[in-house]
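Engineer: This one is my_file-v7.cif, mmCIF, C-alpha atoms.
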data_work
#
loop_
_atom_site.label_atom_id
_atom_site.label_comp_id
_atom_site.auth_asym_id
_atom_site.auth_seq_id
_atom_site.Cartn_x
_atom_site.Cartn_y
_atom_site.Cartn_z
CA MET A 1 28.20 55.71 183.76
CA LYS A 2 31.69 54.33 184.32
CA GLU A 3 34.28 56.98 185.02
CA THR A 4 37.66 56.91 186.74
CA ASN A 5 40.18 59.57 187.65
CA GLU A 6 43.01 59.07 185.16
CA HIS A 7 44.80 62.31 186.06
CA LEU A 8 44.73 63.39 182.42
CA LYS A 9 44.65 67.02 181.40
CA ARG A 10 41.30 67.74 179.79
CA GLU A 11 42.44 70.25 177.19
CA VAL A 12 40.61 69.03 174.07
CA GLY A 13 37.66 71.28 173.30
CA VAL A 14 35.00 71.14 170.62
CA MET A 15 37.29 72.70 167.99
CA GLY A 16 40.11 70.31 168.79
CA LEU A 17 37.85 67.26 168.67
CA SER A 18 36.28 68.41 165.39
CA ALA A 19 39.70 69.10 163.86
CA ASN A 20 40.89 65.65 164.90
CA LEU A 21 37.87 63.99 163.26
CA VAL A 22 38.22 66.02 160.04
CA ASN A 23 41.96 65.32 159.95
CA ILE A 24 41.39 61.56 160.26
CA MET A 25 38.77 61.49 157.51
CA ILE A 26 40.72 63.58 155.01
CA GLY A 27 43.81 61.53 155.68
CA ALA A 28 41.93 58.28 155.05
CA GLY A 29 42.24 58.45 151.27
CA ILE A 30 39.73 61.11 150.31
CA PHE A 31 41.92 62.15 147.36
CA ALA A 32 42.20 58.59 145.98
CA LEU A 33 38.93 56.87 146.88
CA PRO A 34 36.61 58.84 144.54
CA ALA A 35 38.63 57.68 141.54
CA ILE A 36 38.47 54.04 142.69
CA VAL A 37 34.72 54.25 143.27
CA ALA A 38 34.11 55.98 139.93
CA ALA A 39 36.14 53.34 138.12
CA GLY A 40 34.03 50.60 139.69
CA LEU A 41 30.53 52.04 139.42
CA GLY A 42 30.79 55.03 137.12
CA SER A 43 27.88 57.46 137.39
CA SER A 44 26.15 55.08 139.82
CA SER A 45 28.77 55.70 142.51
CA ILE A 46 26.24 57.61 144.60
CA TYR A 47 24.60 54.29 145.56
CA ALA A 48 27.82 53.08 147.18
CA TYR A 49 28.21 56.33 149.11
CA LEU A 50 24.63 56.16 150.40
CA PHE A 51 24.93 52.51 151.42
CA CYS A 52 28.28 53.07 153.09
CA GLY A 53 26.90 56.15 154.85
CA LEU A 54 24.06 54.07 156.28
CA LEU A 55 26.46 51.40 157.55
CA ILE A 56 28.90 53.81 159.16
CA THR A 57 26.02 55.72 160.76
CA LEU A 58 24.89 52.56 162.54
CA VAL A 59 28.43 51.85 163.70
CA MET A 60 28.95 55.40 164.97
CA LEU A 61 25.62 55.33 166.82
CA CYS A 62 26.93 52.31 168.72
CA PHE A 63 30.17 54.14 169.52
CA ALA A 64 28.25 57.23 170.60
CA GLU A 65 26.00 55.15 172.85
CA ILE A 66 28.80 53.41 174.70
CA GLY A 67 30.96 56.55 174.62
CA SER A 68 28.27 58.34 176.63
CA LYS A 69 28.45 55.63 179.30
CA VAL A 70 32.20 54.88 179.47
CA THR A 71 34.02 58.20 179.73
CA THR A 72 37.54 56.91 180.37
CA SER A 73 40.18 57.11 177.65
CA GLY A 74 41.08 54.16 175.46
CA GLY A 75 38.38 54.09 172.82
CA ALA A 76 37.40 50.66 171.47
CA TYR A 77 39.86 48.95 173.84
CA THR A 78 38.13 50.37 176.91
CA TYR A 79 34.66 49.62 175.53
CA ILE A 80 35.48 45.99 174.72
CA GLN A 81 37.37 45.39 177.95
CA SER A 82 34.50 46.83 180.00
CA SER A 83 31.95 44.70 178.18
CA PHE A 84 33.73 41.38 177.58
CA GLY A 85 36.71 41.31 179.94
CA PRO A 86 40.50 41.82 179.84
CA TYR A 87 41.25 38.98 177.41
CA PHE A 88 39.21 40.49 174.61
CA GLY A 89 40.61 43.90 175.51
CA PHE A 90 44.12 42.47 175.08
CA LEU A 91 43.22 41.06 171.66
CA THR A 92 41.81 44.44 170.67
CA VAL A 93 45.06 46.17 171.57
CA ILE A 94 47.14 43.67 169.57
CA LEU A 95 44.94 44.04 166.50
CA PHE A 96 44.88 47.82 166.85
CA VAL A 97 48.68 48.05 167.10
CA LEU A 98 49.13 45.83 164.04
CA SER A 99 46.57 47.72 161.96
CA ALA A 100 47.77 51.17 163.06
CA THR A 101 51.41 50.31 162.41
CA SER A 102 50.66 48.93 158.95
CA ALA A 103 48.37 51.84 158.05
CA ASP A 104 50.82 54.52 159.25
CA ALA A 105 53.68 52.85 157.39
CA ALA A 106 51.61 52.67 154.19
CA VAL A 107 50.57 56.33 154.44
CA ALA A 108 54.13 57.47 155.12
CA ASN A 109 55.46 55.41 152.20
CA ALA A 110 52.76 56.77 149.88
CA LEU A 111 53.61 60.31 150.96
CA VAL A 112 57.28 59.86 150.12
CA ASP A 113 56.38 58.18 146.81
CA ILE A 114 54.24 61.19 145.84
CA ILE A 115 57.11 63.53 146.68
CA GLY A 116 59.39 61.21 144.68
CA THR A 117 57.32 61.72 141.54
CA ILE A 118 58.17 65.42 141.74
CA PHE A 119 61.69 65.10 143.11
CA PRO A 120 63.22 61.76 141.97
CA VAL A 121 65.95 61.99 144.60
CA PHE A 122 63.38 60.95 147.22
CA LYS A 123 63.00 57.54 145.56
CA SER A 124 66.27 56.47 147.15
CA GLY A 125 65.74 53.76 149.76
CA THR A 126 68.27 55.27 152.16
CA LEU A 127 66.67 58.70 151.94
CA LYS A 128 63.24 57.15 152.52
CA ILE A 129 64.42 55.56 155.75
CA PHE A 130 65.90 58.87 156.87
CA ILE A 131 62.63 60.70 156.13
CA PHE A 132 60.63 58.05 158.00
CA PHE A 133 62.95 58.43 160.98
CA ILE A 134 62.52 62.21 161.01
CA LEU A 135 58.76 62.02 160.46
CA PHE A 136 57.92 59.48 163.15
CA GLY A 137 60.55 60.89 165.50
CA THR A 138 58.94 64.33 165.25
CA LEU A 139 55.47 62.94 165.86
CA ALA A 140 56.73 60.96 168.85
CA PHE A 141 58.39 64.08 170.28
CA ILE A 142 55.17 66.08 169.93
CA ASN A 143 53.23 63.26 171.58
CA VAL A 144 55.63 63.23 174.53
CA LYS A 145 55.48 67.01 174.87
CA GLY A 146 51.77 66.93 175.68
CA ILE A 147 48.20 67.09 174.48
CA ARG A 148 48.23 70.86 173.96
CA GLU A 149 51.12 70.72 171.49
CA GLY A 150 49.56 67.70 169.81
CA MET A 151 46.22 69.42 169.28
CA PHE A 152 47.98 72.48 167.85
CA VAL A 153 49.65 70.26 165.26
CA VAL A 154 46.34 68.53 164.48
CA LYS A 155 44.57 71.86 163.92
CA THR A 156 47.42 73.11 161.72
CA ILE A 157 47.45 69.95 159.59
CA THR A 158 43.66 70.03 159.28
CA ILE A 159 43.71 73.59 157.94
CA THR A 160 46.53 72.65 155.56
CA LYS A 161 44.42 69.78 154.20
CA LEU A 162 41.21 71.82 153.89
CA ILE A 163 42.76 74.69 151.93
CA PRO A 164 43.55 72.68 148.74
CA LEU A 165 40.11 71.04 148.89
CA LEU A 166 38.39 74.41 149.07
CA LEU A 167 40.55 75.76 146.25
CA LEU A 168 39.72 72.68 144.17
CA VAL A 169 35.99 73.24 144.66
CA ILE A 170 36.20 76.98 143.96
CA PHE A 171 38.30 76.82 140.80
CA SER A 172 36.77 73.67 139.31
CA TRP A 173 33.12 74.55 139.93
CA GLY A 174 32.75 75.95 136.43
CA GLU A 175 33.92 72.65 134.91
CA VAL A 176 31.05 70.65 136.43
CA SER A 177 28.73 69.23 133.78
CA LEU A 178 25.25 67.92 134.57
CA ASP A 179 25.71 65.31 131.84
CA HIS A 180 28.22 63.55 134.07
CA LEU A 181 25.68 63.32 136.90
CA VAL A 182 23.11 61.30 134.96
CA ILE A 183 22.70 57.72 136.24
CA ASN A 184 22.32 55.53 133.18
CA SER A 185 21.95 52.17 134.90
CA VAL A 186 21.62 50.60 138.35
CA PRO A 187 24.61 48.39 139.21
CA ALA A 188 24.27 44.93 140.69
CA ILE A 189 23.98 44.59 144.45
CA GLU A 190 27.26 42.64 144.51
CA ASP A 191 29.12 45.50 142.82
CA ILE A 192 27.66 48.06 145.22
CA GLY A 193 28.67 45.85 148.14
CA LYS A 194 32.27 45.50 146.95
CA ILE A 195 32.75 49.21 146.40
CA SER A 196 30.96 50.07 149.64
CA LEU A 197 33.42 47.86 151.51
CA ILE A 198 36.29 49.86 150.03
CA LEU A 199 34.60 53.05 151.24
CA PHE A 200 33.73 51.57 154.62
CA LEU A 201 37.27 50.61 155.63
CA PRO A 202 38.66 54.18 155.76
CA SER A 203 35.34 55.55 157.00
CA LYS A 204 35.61 53.48 160.16
CA GLU A 205 38.75 55.45 161.03
CA ARG A 206 36.52 58.10 162.57
CA SER A 207 36.14 55.72 165.54
CA ARG A 208 39.76 56.53 166.38
CA VAL A 209 38.54 59.83 167.81
CA TYR A 210 37.04 58.07 170.83
CA PRO A 211 40.38 57.42 172.63
CA LEU A 212 40.34 61.20 173.26
CA VAL A 213 37.30 60.92 175.53
CA GLY A 214 39.47 61.09 178.64
CA ARG A 215 40.97 64.35 177.37
CA LEU A 216 37.75 66.18 176.58
CA LYS A 217 36.84 69.31 178.49
CA ILE A 218 33.14 68.44 178.25
CA GLN A 219 32.10 64.82 178.69
CA PRO A 220 29.19 63.31 176.69
CA LYS A 221 26.09 62.79 178.84
CA ILE A 222 23.37 61.98 176.31
CA SER A 223 22.41 58.40 175.59
CA LEU A 224 21.48 57.59 172.01
CA GLY A 225 19.88 54.24 172.85
CA PRO A 226 16.29 55.32 172.12
CA TYR A 227 17.33 56.31 168.57
CA LEU A 228 18.78 52.92 167.74
#
For the file at hand, write its structure as structure tokens.
Structural biologist:
Amino acid sequence: MKETNEHLKREVGVMGLSANLVNIMIGAGIFALPAIVAAGLGSSSIYAYLFCGLLITLVMLCFAEIGSKVTTSGGAYTYIQSSFGPYFGFLTVILFVLSATSADAAVANALVDIIGTIFPVFKSGTLKIFIFFILFGTLAFINVKGIREGMFVVKTITITKLIPLLLLVIFSWGEVSLDHLVINSVPAIEDIGKISLILFLPSKERSRVYPLVGRLKIQPKISLGPYL
């Protein structure tokens, strides 16, 4: 097991790690993806979810295996650098920065657009830039303050996201009709593959939890190799 002393405060417990994972998944498009999948496959959407679940399980088993051996922080960057050398680690960082920057910008823009549908004043370009500055400036300030403050924000946001989902389930349960759950036909493999790819892209975001390994109070010790 490769482990170095990074002088990081290990203040992320089980609840904090779980909240971070839930927060990433809910923020990955859970409110929009079901509609896209249903439009593509209809009542056969369950096949795409099962296939995507199988794929992401294999990927996460690989992350869990190497995460139990390399316990320093850095996530995929550390894993790739340790396995293939600094050059490939450098490429990983560049790709991660580009993808994270683009994804965060898209999410922030979508958030403001949703607010703009309710309050048209937020559609102003100047106001958008101001909101982006406040939003990312606040997140940067929390990040500089420390891991404890950051995890408090993550837990708060996670609870805020879960509440409307629970309310949606509770109040819409009576509207569920078994007629809508009948699978009338099996879609083509190509169609399942296309929709599964759409599901897979946000699902892989759960791998972003592994950069927190160096902050965990309890380090993983179990190897999952025999189960692969």
Engineer: What box, with edges along x, y and z, holds each listed atom of range 186-196 of chain A when 5 Å is added on every side, and can you state its centre and edge lengths in Å to one decimal, as lines of an AutoDock Vina configuration file?
Structural biologist:
center_x = 27.2
center_y = 46.6
center_z = 144.0
size_x = 21.1
size_y = 18.0
size_z = 21.3
Engineer: In Å, how far is it from CA of Ala140 in chain A to CA of Val97 in chain A?
Structural biologist: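 Separating CA of Ala140 in chain A from CA of Val97 in chain A is a distance of 15.3 Å.
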Engineer: Measure the distance from CA of Ile56 in chain A to CA of Ala106 in chain A in Å and round it to one decimal.
Structural biologist: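 Answer for the CA of Ile56 in chain A to CA of Ala106 in chain A separation: 23.3 Å.
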Engineer: For the atom pair CA of Thr72 in chain A and CA of Phe84 in chain A, what is the interatomic distance in Å to one decimal place?
Structural biologist: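 Answer for the CA of Thr72 in chain A to CA of Phe84 in chain A separation: 16.2 Å.
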Engineer: Between A:Ile118, A:Ala188, A:Leu168, A:Ile198, which one has atoms that come closest to Ala35 in chain A, using all atoms listed in the file?
Structural biologist: A:Ile198
Engineer: Which residues would end up in the selection if the PyMOL selection byres ((chain A and resi 178-183) around 6) were applied here, given that I need the answer as a PDB file with C-alpha atoms, in the coordinates of the input?
Structural biologist:
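Below is the file that was written, out34.pdb:
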ATOM      1  CA  SER A  43      27.880  57.460 137.390  1.00  0.00           C
ATOM      2  CA  SER A  44      26.150  55.080 139.820  1.00  0.00           C
ATOM      3  CA  SER A 177      28.730  69.230 133.780  1.00  0.00           C
ATOM      4  CA  ASN A 184      22.320  55.530 133.180  1.00  0.00           C
ATOM      5  CA  SER A 185      21.950  52.170 134.900  1.00  0.00           C
TER       6      SER A 185
END
Engineer: For each of A:Thr138, A:Ser196, A:Asn109, A:Thr158, take the minimum atom-to-atom distance to Lys123 in chain A, counting all atoms listed in the file, then give the residue where this is smallest.
Structural biologist: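 Closest to Lys123 in chain A, using all atoms listed in the file: A:Asn109.
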Engineer: Taking the file as shown, what set of residues would the PyMOL selection byres ((chain A and resi 80) around 12) give back, as a list in words?
Structural biologist: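 Output of the PyMOL selection byres ((chain A and resi 80) around 12): Phe63, Ile66, Gly67, Val70, Gly74, Gly75, Ala76, Tyr77, Thr78, Tyr79, Gln81, Ser82, Ser83, Phe84, Gly85, Pro86, Tyr87, Phe88, Gly89, Phe90, Leu91, Thr92 and Val93 of chain A.
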Engineer: What's around Lys161 in chain A at 10 Å? Count all atoms listed in the file, leave out sequence neighbours fewer than 5 positions away in its own chain, and write the answer as a VMD selection string.
Structural biologist: chain A and resid 22 to 23 26 to 27 155 to 156 166
Engineer: Which polymer residues have any atom within 8 Å of an atom of range 126-131 of chain A, counting all atoms listed in the file, with same-chain residues fewer than 4 positions away left out, as a JSON list (two decimals) with C-alpha atoms, in the frame of the given file?
Structural biologist:
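Generated output (out05.json):
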[["chain", "number", "residue", "atom", "x", "y", "z"],
["A", 109, "ASN", "CA", 55.46, 55.41, 152.20],
["A", 112, "VAL", "CA", 57.28, 59.86, 150.12],
["A", 122, "PHE", "CA", 63.38, 60.95, 147.22],
["A", 135, "LEU", "CA", 58.76, 62.02, 160.46]]
Engineer: Carefully work through the PyMOL selection byres ((chain A and resi 45) around 10) for this structure and note down the residues it includes, as a CSV table (one decimal) with C-alpha atoms, in the coordinates of the input.
Structural biologist:
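Done, and the output landed in result.csv:
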chain,number,residue,atom,x,y,z
A,34,PRO,CA,36.6,58.8,144.5
A,36,ILE,CA,38.5,54.0,142.7
A,37,VAL,CA,34.7,54.2,143.3
A,38,ALA,CA,34.1,56.0,139.9
A,39,ALA,CA,36.1,53.3,138.1
A,40,GLY,CA,34.0,50.6,139.7
A,41,LEU,CA,30.5,52.0,139.4
A,42,GLY,CA,30.8,55.0,137.1
A,43,SER,CA,27.9,57.5,137.4
A,44,SER,CA,26.2,55.1,139.8
A,46,ILE,CA,26.2,57.6,144.6
A,47,TYR,CA,24.6,54.3,145.6
A,48,ALA,CA,27.8,53.1,147.2
A,49,TYR,CA,28.2,56.3,149.1
A,50,LEU,CA,24.6,56.2,150.4
A,181,LEU,CA,25.7,63.3,136.9
A,183,ILE,CA,22.7,57.7,136.2
A,186,VAL,CA,21.6,50.6,138.4
A,187,PRO,CA,24.6,48.4,139.2
A,192,ILE,CA,27.7,48.1,145.2
A,195,ILE,CA,32.8,49.2,146.4
A,196,SER,CA,31.0,50.1,149.6
Engineer: Rank nothing, just name the residue among A:Val153, A:Val59, A:Ala105, A:Ile163 nearest to Phe141 in chain A, using all atoms listed in the file.
Structural biologist: A:Val153
Engineer: Looking at only C-alpha atoms, which of A:Met60, A:Val169, A:Ile94, A:Ile159 is the one that sits closest to Gly16 in chain A?
Structural biologist: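 Nearest to Gly16 in chain A: A:Ile159.
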